[in-house]
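Okay, my_file-v4.cif is below, mmCIF, C-alpha atoms:
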data_entry
loop_
_atom_site.label_atom_id
_atom_site.label_comp_id
_atom_site.auth_asym_id
_atom_site.auth_seq_id
_atom_site.Cartn_x
_atom_site.Cartn_y
_atom_site.Cartn_z
CA MET A 1 66.27 98.63 100.15
CA GLY A 2 66.19 99.92 96.61
CA GLY A 3 63.71 102.75 96.92
CA VAL A 4 66.13 105.61 96.31
CA GLY A 5 67.41 105.67 92.73
CA THR A 6 67.09 108.83 90.69
CA SER A 7 63.85 110.08 92.24
CA ALA A 8 65.59 110.96 95.50
CA TYR A 9 68.51 112.37 93.58
CA SER A 10 66.39 115.17 92.18
CA ALA A 11 65.69 116.34 95.73
CA CYS A 12 69.39 116.96 96.30
CA VAL A 13 71.50 119.86 95.11
CA GLU A 14 71.90 119.87 91.32
CA PRO A 15 75.13 117.88 90.72
CA VAL A 16 76.23 119.90 87.70
CA GLN A 17 76.25 123.05 89.83
CA GLU A 18 78.44 121.32 92.41
CA ILE A 19 80.81 120.18 89.69
CA GLU A 20 80.99 123.59 88.03
CA ALA A 21 81.78 125.26 91.37
CA LEU A 22 84.66 122.87 92.00
CA VAL A 23 86.02 122.95 88.43
CA ALA A 24 86.12 126.75 88.72
CA HIS A 25 89.16 126.25 90.97
CA HIS A 26 91.33 125.48 87.95
CA GLY A 27 94.71 123.85 88.44
CA ARG A 28 93.92 122.11 91.73
CA ALA A 29 96.85 119.72 91.57
CA PRO A 30 98.11 118.28 94.88
CA GLY A 31 99.88 120.89 96.97
CA THR A 32 98.77 123.92 94.96
CA ASP A 33 97.02 127.11 96.01
CA ALA A 34 94.08 126.16 93.79
CA GLU A 35 93.70 122.92 95.71
CA ARG A 36 93.68 124.89 98.98
CA ARG A 37 90.99 127.25 97.66
CA ALA A 38 88.91 124.27 96.54
CA ALA A 39 89.18 122.82 100.05
CA LEU A 40 87.93 126.08 101.58
CA HIS A 41 85.02 126.07 99.14
CA LEU A 42 84.08 122.50 100.11
CA GLU A 43 84.37 123.26 103.81
CA ASP A 44 81.89 126.12 103.34
CA ARG A 45 79.64 123.88 101.27
CA LEU A 46 79.48 121.23 104.01
CA ARG A 47 78.78 123.84 106.68
CA GLY A 48 76.02 125.20 104.47
CA MET A 49 74.45 121.74 104.64
CA GLY A 50 74.35 122.06 108.42
CA ARG A 51 77.28 119.72 108.98
CA ASP A 52 80.37 120.20 111.08
CA ALA A 53 83.40 120.52 108.78
CA ARG A 54 87.07 121.24 109.15
CA ILE A 55 90.26 121.33 107.12
CA GLU A 56 93.08 119.07 108.24
CA PRO A 57 96.51 120.16 106.90
CA ILE A 58 98.91 117.47 105.73
CA ALA A 59 102.48 117.41 104.40
CA ILE A 60 102.99 115.51 101.14
CA TRP A 61 105.51 114.61 98.44
CA PRO A 62 103.15 114.69 95.43
CA ARG A 63 105.54 114.63 92.45
CA TRP A 64 105.23 110.97 91.55
CA PRO A 65 106.22 111.48 87.86
CA LEU A 66 109.61 112.85 88.88
CA ALA A 67 110.07 110.08 91.43
CA HIS A 68 109.49 107.45 88.75
CA VAL A 69 111.76 109.28 86.32
CA ILE A 70 114.44 108.74 88.98
CA HIS A 71 113.48 105.07 89.20
CA ALA A 72 113.55 104.56 85.43
CA VAL A 73 116.92 106.32 84.99
CA ALA A 74 118.41 104.38 87.91
CA ALA A 75 117.21 101.09 86.42
CA VAL A 76 118.75 101.94 83.03
CA VAL A 77 122.03 102.80 84.77
CA GLY A 78 121.85 99.51 86.66
CA SER A 79 121.27 97.63 83.42
CA VAL A 80 124.35 99.19 81.82
CA LEU A 81 126.41 98.47 84.94
CA THR A 82 125.55 94.77 84.87
CA VAL A 83 127.51 94.37 81.63
CA VAL A 84 130.78 95.46 83.25
CA SER A 85 130.04 94.74 86.91
CA PRO A 86 127.10 92.41 87.60
CA LEU A 87 127.38 92.97 91.37
CA ALA A 88 127.23 96.76 91.13
CA GLY A 89 124.39 96.56 88.64
CA ALA A 90 122.46 94.12 90.83
CA ILE A 91 122.79 96.42 93.85
CA VAL A 92 121.53 99.45 91.92
CA LEU A 93 118.63 97.48 90.48
CA LEU A 94 117.70 95.97 93.84
CA VAL A 95 117.54 99.39 95.49
CA THR A 96 115.54 100.73 92.53
CA ALA A 97 113.08 97.84 92.59
CA VAL A 98 112.54 98.20 96.34
CA SER A 99 112.04 101.95 96.04
CA THR A 100 109.61 101.55 93.13
CA PHE A 101 107.64 98.88 94.98
CA GLY A 102 107.45 101.01 98.12
CA ASP A 103 106.21 104.01 96.17
CA LEU A 104 103.57 102.15 94.16
CA THR A 105 102.19 100.33 97.21
CA GLY A 106 102.34 103.39 99.47
CA THR A 107 104.53 101.52 101.96
CA PHE A 108 107.36 104.04 101.84
CA GLN A 109 108.55 106.78 99.50
CA LEU A 110 112.30 107.05 99.06
CA ALA A 111 112.81 108.77 95.70
CA ARG A 112 110.07 111.31 96.41
CA ARG A 113 112.14 112.83 99.19
CA ALA A 114 114.30 114.32 96.46
CA THR A 115 111.33 115.91 94.65
CA GLY A 116 110.18 118.47 97.23
CA ARG A 117 107.54 118.55 99.95
CA ARG A 118 104.28 120.48 99.66
CA ALA A 119 101.32 121.33 101.89
CA SER A 120 97.91 119.88 101.17
CA GLN A 121 94.73 119.25 103.14
CA ASN A 122 91.76 116.98 103.66
CA VAL A 123 88.23 118.25 104.22
CA VAL A 124 86.66 116.22 107.04
CA SER A 125 83.04 116.34 108.16
CA PRO A 126 82.40 114.00 111.10
CA GLU A 127 79.06 113.08 112.62
CA ASP A 128 78.70 112.38 116.32
CA GLY A 129 75.42 110.57 116.76
CA ASP A 130 76.70 107.96 119.23
CA ARG A 131 75.89 105.17 116.79
CA PRO A 132 78.01 102.02 117.09
CA GLY A 133 79.57 102.29 113.59
CA THR A 134 81.01 104.89 111.25
CA LEU A 135 80.41 104.98 107.50
CA VAL A 136 82.91 107.24 105.72
CA LEU A 137 81.87 108.56 102.31
CA VAL A 138 85.01 109.46 100.36
CA ALA A 139 85.84 111.39 97.20
CA HIS A 140 89.01 113.22 96.24
CA TYR A 141 88.69 116.82 95.07
CA ASP A 142 92.14 117.44 93.57
CA ALA A 143 92.92 117.03 89.86
CA GLY A 144 95.75 115.32 87.99
CA ARG A 145 98.03 116.32 85.15
CA THR A 146 97.65 115.29 81.57
CA GLY A 147 100.37 114.01 79.25
CA TYR A 148 100.94 111.86 76.18
CA ALA A 149 100.81 108.72 78.35
CA PHE A 150 97.12 109.43 78.97
CA GLY A 151 96.31 109.89 75.29
CA PRO A 152 93.12 108.19 74.07
CA ARG A 153 94.96 105.85 71.69
CA ILE A 154 97.32 104.53 74.36
CA THR A 155 94.55 104.22 76.94
CA GLU A 156 92.12 102.46 74.61
CA ARG A 157 94.71 100.05 73.25
CA ARG A 158 95.89 99.16 76.75
CA ALA A 159 92.28 98.52 77.79
CA ALA A 160 91.59 96.43 74.67
CA LEU A 161 94.76 94.40 75.20
CA GLY A 162 93.79 93.84 78.82
CA GLN A 163 90.36 92.59 77.74
CA LEU A 164 91.97 90.26 75.21
CA ALA A 165 94.41 88.90 77.79
CA ARG A 166 91.67 88.82 80.44
CA ARG A 167 94.05 90.67 82.72
CA PRO A 168 93.93 94.47 82.98
CA ILE A 169 97.22 96.22 82.24
CA GLY A 170 98.08 99.10 84.53
CA PRO A 171 100.12 102.16 83.52
CA PHE A 172 102.88 101.38 86.01
CA GLN A 173 103.26 97.67 85.37
CA PRO A 174 105.76 98.06 82.48
CA LEU A 175 107.96 100.24 84.69
CA PHE A 176 107.94 97.94 87.69
CA TRP A 177 108.15 94.59 85.91
CA SER A 178 110.91 95.79 83.56
CA THR A 179 112.95 96.75 86.61
CA LEU A 180 112.39 93.30 88.11
CA VAL A 181 113.37 91.65 84.81
CA LEU A 182 116.62 93.64 84.80
CA LEU A 183 117.27 92.64 88.41
CA ALA A 184 116.78 88.98 87.48
CA CYS A 185 119.17 89.40 84.53
CA ALA A 186 121.77 90.96 86.82
CA VAL A 187 121.49 88.05 89.25
CA LEU A 188 121.88 85.54 86.41
CA ARG A 189 124.98 87.37 85.15
CA LEU A 190 126.29 87.39 88.71
CA VAL A 191 126.19 83.58 88.82
CA GLY A 192 127.99 83.34 85.49
CA LEU A 193 125.19 83.02 82.93
CA ASP A 194 125.76 85.14 79.80
CA ALA A 195 123.51 83.69 77.09
CA THR A 196 122.27 85.54 74.00
CA ALA A 197 118.66 85.14 75.12
CA LEU A 198 119.53 86.88 78.41
CA THR A 199 121.03 89.80 76.50
CA VAL A 200 117.91 90.14 74.34
CA VAL A 201 115.58 90.12 77.35
CA GLN A 202 117.73 92.68 79.13
CA TYR A 203 117.82 94.87 76.03
CA VAL A 204 114.00 94.87 75.66
CA ALA A 205 113.44 95.70 79.33
CA THR A 206 115.99 98.52 79.12
CA ILE A 207 114.26 100.00 76.06
CA VAL A 208 110.93 99.97 77.91
CA LEU A 209 112.48 101.99 80.73
CA ILE A 210 114.20 104.40 78.33
CA VAL A 211 110.82 105.07 76.69
CA ALA A 212 109.24 105.57 80.13
CA VAL A 213 111.57 108.47 80.99
CA PRO A 214 110.22 111.05 78.50
CA LEU A 215 106.64 109.87 79.09
CA LEU A 216 106.94 110.44 82.81
CA ALA A 217 108.76 113.74 82.33
CA ASP A 218 105.99 114.85 79.99
CA VAL A 219 103.38 114.20 82.69
CA ALA A 220 105.44 116.17 85.22
CA LEU A 221 105.57 119.17 82.86
CA SER A 222 101.98 119.00 81.56
CA ASP A 223 99.00 121.11 82.59
CA VAL A 224 96.48 120.20 85.26
CA VAL A 225 93.19 118.96 83.80
CA PRO A 226 89.80 120.48 84.72
CA GLY A 227 88.87 117.26 86.51
CA ALA A 228 85.11 117.42 86.02
CA ASN A 229 84.79 113.65 85.91
CA ASP A 230 87.99 112.96 87.87
CA ASN A 231 86.78 113.76 90.42
CA ALA A 232 84.36 116.65 90.79
CA SER A 233 81.66 114.16 89.79
CA GLY A 234 82.53 111.95 92.76
CA VAL A 235 82.55 114.93 95.12
CA ALA A 236 79.07 115.98 93.94
CA CYS A 237 77.78 112.43 94.45
CA VAL A 238 79.24 112.18 97.97
CA LEU A 239 77.82 115.56 98.98
CA ASP A 240 74.37 114.47 97.86
CA LEU A 241 74.72 111.15 99.66
CA ALA A 242 75.70 113.00 102.83
CA GLU A 243 72.72 115.31 102.47
CA ARG A 244 70.42 112.32 101.99
CA TYR A 245 71.77 110.06 104.75
CA GLY A 246 73.37 112.40 107.28
CA ASP A 247 71.99 111.65 110.76
CA ASP A 248 69.55 109.24 109.11
CA LEU A 249 71.09 105.79 109.49
CA GLU A 250 70.27 103.51 112.38
CA HIS A 251 73.66 101.94 113.03
CA PHE A 252 76.23 104.25 111.42
CA ASP A 253 77.33 107.84 111.83
CA VAL A 254 77.97 109.25 108.36
CA TRP A 255 81.32 110.99 107.89
CA VAL A 256 82.35 112.84 104.77
CA LEU A 257 85.99 112.76 103.73
CA LEU A 258 87.05 114.84 100.73
CA THR A 259 90.70 114.01 100.23
CA GLY A 260 93.43 116.16 98.81
CA ALA A 261 96.49 114.81 97.03
CA GLU A 262 94.81 111.63 95.83
CA GLU A 263 96.45 112.30 92.47
CA GLY A 264 99.76 111.99 94.31
CA MET A 265 98.79 108.33 94.83
CA GLU A 266 96.29 108.45 97.70
CA LEU A 267 98.40 110.70 99.91
CA GLY A 268 95.43 112.45 101.52
CA MET A 269 93.72 109.19 102.46
CA ARG A 270 96.90 107.75 103.94
CA ALA A 271 97.36 110.87 106.07
CA PHE A 272 93.73 110.70 107.23
CA LEU A 273 94.09 107.06 108.26
CA ARG A 274 97.23 107.81 110.25
CA ALA A 275 95.53 110.71 112.03
CA HIS A 276 92.24 108.94 112.84
CA ARG A 277 93.15 105.28 113.30
CA ARG A 278 92.45 105.40 117.06
CA GLU A 279 88.98 106.94 116.83
CA LEU A 280 87.94 104.80 113.86
CA PRO A 281 88.25 101.12 114.90
CA ARG A 282 88.57 98.73 111.97
CA GLY A 283 85.71 96.50 113.11
CA ARG A 284 83.22 99.38 113.25
CA THR A 285 84.23 101.56 110.30
CA ALA A 286 83.55 101.16 106.59
CA PHE A 287 84.62 103.30 103.63
CA VAL A 288 82.66 103.87 100.42
CA CYS A 289 84.81 105.71 97.88
CA VAL A 290 83.25 107.38 94.83
CA ASP A 291 85.61 108.18 91.96
CA GLU A 292 84.93 109.24 88.34
CA VAL A 293 81.18 108.70 87.98
CA GLY A 294 80.46 111.09 85.12
CA HIS A 295 80.59 108.67 82.19
CA GLY A 296 79.45 105.11 81.56
CA THR A 297 77.76 102.55 83.79
CA VAL A 298 78.46 101.55 87.36
CA ARG A 299 81.49 99.47 88.31
CA TYR A 300 82.63 98.35 91.74
CA ALA A 301 86.25 97.34 92.08
CA ARG A 302 86.77 93.75 93.16
CA ARG A 303 90.51 94.29 93.37
CA GLU A 304 92.80 97.33 93.04
CA GLY A 305 96.50 98.06 93.02
CA TYR A 306 99.31 99.44 90.88
CA VAL A 307 101.49 96.36 91.45
CA LEU A 308 99.84 93.89 93.80
CA GLY A 309 96.05 93.72 93.69
CA GLN A 310 94.34 94.33 97.03
CA ARG A 311 90.97 92.61 97.23
CA HIS A 312 88.15 94.76 98.55
CA HIS A 313 86.10 93.72 101.53
CA ARG A 314 84.09 90.55 100.99
CA ALA A 315 80.93 91.68 102.79
CA LEU A 316 80.81 95.01 100.92
CA LEU A 317 81.40 93.27 97.59
CA GLU A 318 78.55 90.88 98.34
CA LEU A 319 76.24 93.84 98.91
CA CYS A 320 77.34 95.37 95.60
CA GLU A 321 76.71 92.06 93.86
CA ARG A 322 73.26 91.87 95.39
CA ILE A 323 72.36 95.32 94.04
CA ALA A 324 73.63 94.34 90.59
CA ASP A 325 71.75 91.03 90.63
CA GLU A 326 68.48 92.67 91.69
CA ASP A 327 68.77 95.43 89.08
CA ALA A 328 66.26 93.78 86.80
CA ASP A 329 65.78 96.73 84.47
CA GLY A 330 69.52 97.34 84.15
CA ARG A 331 69.38 100.99 85.16
CA TYR A 332 72.84 100.83 86.78
CA GLY A 333 74.53 98.37 84.42
CA ALA A 334 76.64 97.47 87.44
CA ARG A 335 79.31 94.81 87.51
CA ALA A 336 82.59 94.07 89.20
CA TYR A 337 85.96 94.83 87.61
CA VAL A 338 89.65 94.70 88.47
CA SER A 339 91.67 97.91 88.46
CA ARG A 340 95.44 98.14 87.95
CA THR A 341 95.40 101.66 89.33
CA ALA A 342 94.18 102.61 92.81
CA SER A 343 91.59 104.75 94.53
CA ASP A 344 91.36 105.93 98.13
CA ALA A 345 89.59 102.65 98.90
CA TYR A 346 92.85 100.84 98.14
CA ALA A 347 94.67 102.79 100.86
CA ALA A 348 91.87 102.02 103.33
CA ARG A 349 92.04 98.30 102.53
CA VAL A 350 95.81 98.21 102.93
CA ALA A 351 95.28 99.78 106.37
CA GLY A 352 92.89 96.96 107.23
CA TYR A 353 89.53 98.73 106.89
CA PRO A 354 86.42 97.44 105.10
CA ALA A 355 86.25 99.51 101.91
CA VAL A 356 84.87 99.47 98.40
CA SER A 357 85.32 101.74 95.40
CA VAL A 358 82.46 102.73 93.07
CA THR A 359 83.02 104.30 89.66
CA CYS A 360 81.41 104.54 86.22
CA LEU A 361 83.22 103.20 83.15
CA GLY A 362 82.67 102.33 79.51
CA ALA A 363 82.47 98.90 77.91
CA LEU A 364 86.25 98.33 78.08
CA ASP A 365 86.35 99.39 81.75
CA TYR A 366 88.19 102.66 81.32
CA ALA A 367 87.24 106.34 81.52
CA PRO A 368 87.73 107.79 78.01
CA ARG A 369 88.71 111.34 79.11
CA HIS A 370 90.84 110.34 82.08
CA HIS A 371 93.59 112.93 82.67
CA LEU A 372 92.80 114.80 79.48
CA ALA A 373 92.10 118.48 78.93
CA VAL A 374 88.62 117.56 77.67
CA ASP A 375 87.58 116.31 81.12
CA THR A 376 85.14 119.22 81.32
CA VAL A 377 81.62 119.75 82.61
CA GLU A 378 80.28 119.82 79.05
CA ASN A 379 81.51 116.27 78.47
CA LEU A 380 79.82 114.75 81.52
CA ASP A 381 76.82 112.46 81.29
CA PRO A 382 74.29 113.48 84.00
CA GLU A 383 72.61 110.08 83.69
CA ALA A 384 75.86 108.38 84.71
CA ILE A 385 76.02 110.50 87.86
CA GLU A 386 72.39 109.57 88.60
CA ARG A 387 73.24 105.90 88.16
CA ALA A 388 76.14 106.20 90.60
CA PHE A 389 74.00 108.04 93.15
CA GLY A 390 71.25 105.43 92.93
CA PHE A 391 73.71 102.54 93.27
CA CYS A 392 75.56 104.15 96.19
CA SER A 393 72.26 105.00 97.90
CA GLU A 394 71.21 101.38 97.81
CA LEU A 395 74.66 100.36 99.02
CA VAL A 396 74.52 102.76 101.99
CA GLU A 397 71.09 101.45 102.96
CA LEU A 398 72.23 97.84 102.68
CA ILE A 399 75.34 98.51 104.77
CA ASP A 400 73.13 99.94 107.51
CA GLU A 401 70.52 97.19 107.21
CA ARG A 402 72.78 94.16 106.80
CA LEU A 403 76.05 95.04 108.50
CA GLY A 404 74.82 97.42 111.17
CA PRO A 405 73.28 94.76 113.44
CA GLU A 406 76.54 92.79 113.33
CA LEU A 407 78.76 95.57 114.69
CA GLU A 408 79.49 93.55 117.80
CA GLU A 409 81.65 91.48 115.50
CA GLU A 410 84.21 92.74 112.96
CA LEU A 411 82.80 93.78 109.61
#
Could you rewrite the structure in this file as structure tokens?
Amino acid sequence: MGGVGTSAYSACVEPVQEIEALVAHHGRAPGTDAERRAALHLEDRLRGMGRDARIEPIAIWPRWPLAHVIHAVAAVVGSVLTVVSPLAGAIVLLVTAVSTFGDLTGTFQLARRATGRRASQNVVSPEDGDRPGTLVLVAHYDAGRTGYAFGPRITERRAALGQLARRPIGPFQPLFWSTLVLLACAVLRLVGLDATALTVVQYVATIVLIVAVPLLADVALSDVVPGANDNASGVACVLDLAERYGDDLEHFDVWVLLTGAEEGMELGMRAFLRAHRRELPRGRTAFVCVDEVGHGTVRYARREGYVLGQRHHRALLELCERIADEDADGRYGARAYVSRTASDAYAARVAGYPAVSVTCLGALDYAPRHHLAVDTVENLDPEAIERAFGFCSELVELIDERLGPELEEEL
């Protein structure tokens, strides 16, 4: 283990060229023609590496900002209703809370059905080497929209507050927990409680949701970012990992999965898991997801989730911790962190698969140009991408060395 690092990276395709080629497909939001063209480009790129590759079409409802505008408006209406009819208000708030929870966890999507369906696609490159296990290298190639909610001041202050509280604060937590607070207020009014303190709490939660409406609408109407860091950098890293380890591991076939519609909240990954769950048994398949590795030092997510944190696989986390502990010269700067957003690894874990997510972040554990128009190639740090490649290379080798011989048992 440990002999890869940046020296092997230089033998791979120049990552900046990969990133520039993908960023050239500007506006590759989920379900757009630009996203489709980017998928065709990546399919050709994988075939040029000598790999089998195909595009798998999927149907998606990607407009999450509009869906949560519906949720926020419905919750405000429910709050107003509780004053005159606690039962009616409680019913509206209950339905809203359930719908919000289902959307943020990926369990079901009710409000999105009113926002329009689109066509997207995953780029899949399998390997059939008759090895007992399958290691799936994952990165999403679509790009998200910007908006005032992603402004550097808001993002940095939320990260700083999370560090102070020792609990990261996710962008969707105010929306969801304010809805639950209003539901609790409605139930209390329903049983006859009508105290001043209850009114104040309800008023504050309602204001939070009122503020959320224009913020979410702004995201829905904003431009698509270039997405050099998020996530052309991850795609470049995965392609180089595939070129380095394809048909080279002892115990694992190496698949490449480049997901579309991840910015719609992991829609591409969820579709892939539904389509391939029979051929990819949970006890013999592992996912390594690479997301936003163009700035900062290496992080591996211990837990992810917009609402409820899903812990990543214990054995994979132990391997990440081993790499970090043995990194005596600190070239990776790797450490675990908790994310209140989600990557494709989150969807894989919810489906019961061993998975881990690798990213690069700054000191406060956030990406400073996330969903901003300045997420361009010029603002990437090539050394960060090298760090991610070196870390992931060691992780791939350790997975094969440590977990491969145990494939007779579940990972």
For the file shown, what are the residues hit by the PyMOL selection byres ((chain A and resi 29) around 9), laid out as an NGL selection string? :A and (26-28 or 30-35 or 62 or 142-145 or 224-225 or 260-261 or 263-264)
Proximity of region 207-254 of chain A to region 387-398 of chain A: per-residue shortest pair, 8 Å limit, only C-alpha atoms, as a Markdown table:
| residue | atom | partner | partner_atom | distance |
| --- | --- | --- | --- | --- |
| A:Cys237 | CA | A:Phe389 | CA | 5.9 |
| A:Asp240 | CA | A:Phe389 | CA | 8.0 |
| A:Leu241 | CA | A:Ser393 | CA | 6.9 |
| A:Leu249 | CA | A:Glu397 | CA | 7.8 |
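Minimum atom-to-atom distances from A:Pro65, A:Gly296, A:Gly305, A:Gly333 to Leu364 (chain A) were compared using all atoms listed in the file, and the lowest value belongs to A:Gly296.
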Would you mind reading off the distance between CA of Arg314 (chain A) and CA of Cys289 (chain A), one decimal, in Å? 15.5 Å
When the PyMOL selection byres ((chain A and resi 163-169) around 10) is applied to the file above, which residues end up in the set, as a ChimeraX atom specification? /A:155,157-162,170-174,306,337-341,364-365
Taking (77.3, 106.2, 119.4) as a centre in this file's frame and 9 Å as the limit, can you find every polymer residue with an atom that close, using only C-alpha atoms, and give them as a PDB file with C-alpha atoms, in the frame of the given file?
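Written out: out_36.pdb:
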ATOM      1  CA  ASP A 128      78.700 112.380 116.320  1.00  0.00           C
ATOM      2  CA  GLY A 129      75.420 110.570 116.760  1.00  0.00           C
ATOM      3  CA  ASP A 130      76.700 107.960 119.230  1.00  0.00           C
ATOM      4  CA  ARG A 131      75.890 105.170 116.790  1.00  0.00           C
ATOM      5  CA  PRO A 132      78.010 102.020 117.090  1.00  0.00           C
ATOM      6  CA  GLY A 133      79.570 102.290 113.590  1.00  0.00           C
ATOM      7  CA  HIS A 251      73.660 101.940 113.030  1.00  0.00           C
ATOM      8  CA  PHE A 252      76.230 104.250 111.420  1.00  0.00           C
ATOM      9  CA  ASP A 253      77.330 107.840 111.830  1.00  0.00           C
TER      10      ASP A 253
END
Return as a ChimeraX atom specification the set of residues that the PyMOL selection byres ((chain A and resi 99-103) around 9) yields on the displayed structure. /A:64,67-68,71,94-98,104-112,175-176,179,265,307
Enter the distance from CA of Ile19 (chain A) to CA of Tyr141 (chain A), in Å, rounded to one decimal.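 Here the two named atoms are 10.1 Å from each other.
Pairwise distance (CA of Leu280 (chain A), CA of Arg37 (chain A)) equals 27.9 Å.
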Which residue out of A:Asp230, A:Glu318, A:Asp223, A:Asp329 has the minimum interatomic distance to Val377 (chain A) when only C-alpha atoms are used?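 Checking each candidate against Val377 (chain A), we get A:Asp230 as the closest.
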First collect every listed atom of region 337-348 of chain A; then fit an axis-aligned box around them, widen it by 3 Å on each side, and give centre and edge lengths in Å to one decimal, as lines of an AutoDock Vina configuration file.
center_x = 90.7
center_y = 100.3
center_z = 95.5
size_x = 15.5
size_y = 17.2
size_z = 21.7
Mind checking which residues fall within 6 Å of Leu93 (chain A), counting only C-alpha atoms, ignoring those fewer than 5 positions away in the same chain, and posting them as a VMD selection string? chain A and resid 75 78 183
Next, dump the selected residues to file, keeping only C-alpha atoms, as an mmCIF file, keeping the file's coordinate frame.
data_model
loop_
_atom_site.group_PDB
_atom_site.id
_atom_site.type_symbol
_atom_site.label_atom_id
_atom_site.label_comp_id
_atom_site.auth_asym_id
_atom_site.auth_seq_id
_atom_site.Cartn_x
_atom_site.Cartn_y
_atom_site.Cartn_z
ATOM 1 C CA ALA A 75 117.210 101.090 86.420
ATOM 2 C CA GLY A 78 121.850 99.510 86.660
ATOM 3 C CA LEU A 183 117.270 92.640 88.410
#
Hey, which of A:Arg36, A:Arg63, A:Arg311, A:Arg335 ends up closest to Ser120 (chain A)? Count all atoms listed in the file. A:Arg36
Which residues, written as an NGL selection string, have at least one atom at most 12 Å from His41 (chain A), with only C-alpha atoms counted and residues fewer than 3 positions away on the same chain left out? :A and (18-19 or 21-25 or 34-38 or 44-48 or 53-55 or 123 or 141 or 258)
Incomplete region 120-135 of chain A filled out to N, CA and C atoms as a PDB file, in the frame of the given file:
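Output file part_11.pdb is given in full below:
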ATOM      1  N   SER A 120      99.228 120.157 101.699  1.00  0.00           N
ATOM      2  CA  SER A 120      97.910 119.880 101.170  1.00  0.00           C
ATOM      3  C   SER A 120      96.931 119.804 102.332  1.00  0.00           C
ATOM      4  N   GLN A 121      95.729 119.293 102.091  1.00  0.00           N
ATOM      5  CA  GLN A 121      94.730 119.250 103.140  1.00  0.00           C
ATOM      6  C   GLN A 121      93.591 118.315 102.770  1.00  0.00           C
ATOM      7  N   ASN A 122      93.001 117.732 103.801  1.00  0.00           N
ATOM      8  CA  ASN A 122      91.760 116.980 103.660  1.00  0.00           C
ATOM      9  C   ASN A 122      90.623 117.814 104.232  1.00  0.00           C
ATOM     10  N   VAL A 123      89.441 117.645 103.667  1.00  0.00           N
ATOM     11  CA  VAL A 123      88.230 118.250 104.220  1.00  0.00           C
ATOM     12  C   VAL A 123      87.458 117.144 104.915  1.00  0.00           C
ATOM     13  N   VAL A 124      87.257 117.284 106.220  1.00  0.00           N
ATOM     14  CA  VAL A 124      86.660 116.220 107.040  1.00  0.00           C
ATOM     15  C   VAL A 124      85.386 116.746 107.682  1.00  0.00           C
ATOM     16  N   SER A 125      84.325 115.978 107.554  1.00  0.00           N
ATOM     17  CA  SER A 125      83.040 116.340 108.160  1.00  0.00           C
ATOM     18  C   SER A 125      82.535 115.149 108.969  1.00  0.00           C
ATOM     19  N   PRO A 126      82.822 115.129 110.268  1.00  0.00           N
ATOM     20  CA  PRO A 126      82.400 114.000 111.100  1.00  0.00           C
ATOM     21  C   PRO A 126      80.942 114.152 111.545  1.00  0.00           C
ATOM     22  N   GLU A 127      80.405 113.081 112.054  1.00  0.00           N
ATOM     23  CA  GLU A 127      79.060 113.080 112.620  1.00  0.00           C
ATOM     24  C   GLU A 127      79.135 112.345 113.948  1.00  0.00           C
ATOM     25  N   ASP A 128      78.621 112.955 114.985  1.00  0.00           N
ATOM     26  CA  ASP A 128      78.700 112.380 116.320  1.00  0.00           C
ATOM     27  C   ASP A 128      77.307 112.076 116.825  1.00  0.00           C
ATOM     28  N   GLY A 129      76.758 110.963 116.352  1.00  0.00           N
ATOM     29  CA  GLY A 129      75.420 110.570 116.760  1.00  0.00           C
ATOM     30  C   GLY A 129      75.399 109.419 117.731  1.00  0.00           C
ATOM     31  N   ASP A 130      76.584 109.058 118.256  1.00  0.00           N
ATOM     32  CA  ASP A 130      76.700 107.960 119.230  1.00  0.00           C
ATOM     33  C   ASP A 130      76.195 106.632 118.692  1.00  0.00           C
ATOM     34  N   ARG A 131      76.251 106.467 117.369  1.00  0.00           N
ATOM     35  CA  ARG A 131      75.890 105.170 116.790  1.00  0.00           C
ATOM     36  C   ARG A 131      77.102 104.243 116.892  1.00  0.00           C
ATOM     37  N   PRO A 132      76.887 102.952 116.872  1.00  0.00           N
ATOM     38  CA  PRO A 132      78.010 102.020 117.090  1.00  0.00           C
ATOM     39  C   PRO A 132      79.048 102.012 115.968  1.00  0.00           C
ATOM     40  N   GLY A 133      78.636 102.346 114.724  1.00  0.00           N
ATOM     41  CA  GLY A 133      79.570 102.290 113.590  1.00  0.00           C
ATOM     42  C   GLY A 133      79.744 103.637 112.922  1.00  0.00           C
ATOM     43  N   THR A 134      80.736 103.688 112.038  1.00  0.00           N
ATOM     44  CA  THR A 134      81.010 104.890 111.250  1.00  0.00           C
ATOM     45  C   THR A 134      81.117 104.502 109.787  1.00  0.00           C
ATOM     46  N   LEU A 135      80.339 105.163 108.944  1.00  0.00           N
ATOM     47  CA  LEU A 135      80.410 104.980 107.500  1.00  0.00           C
ATOM     48  C   LEU A 135      81.035 106.235 106.912  1.00  0.00           C
TER      49      LEU A 135
END
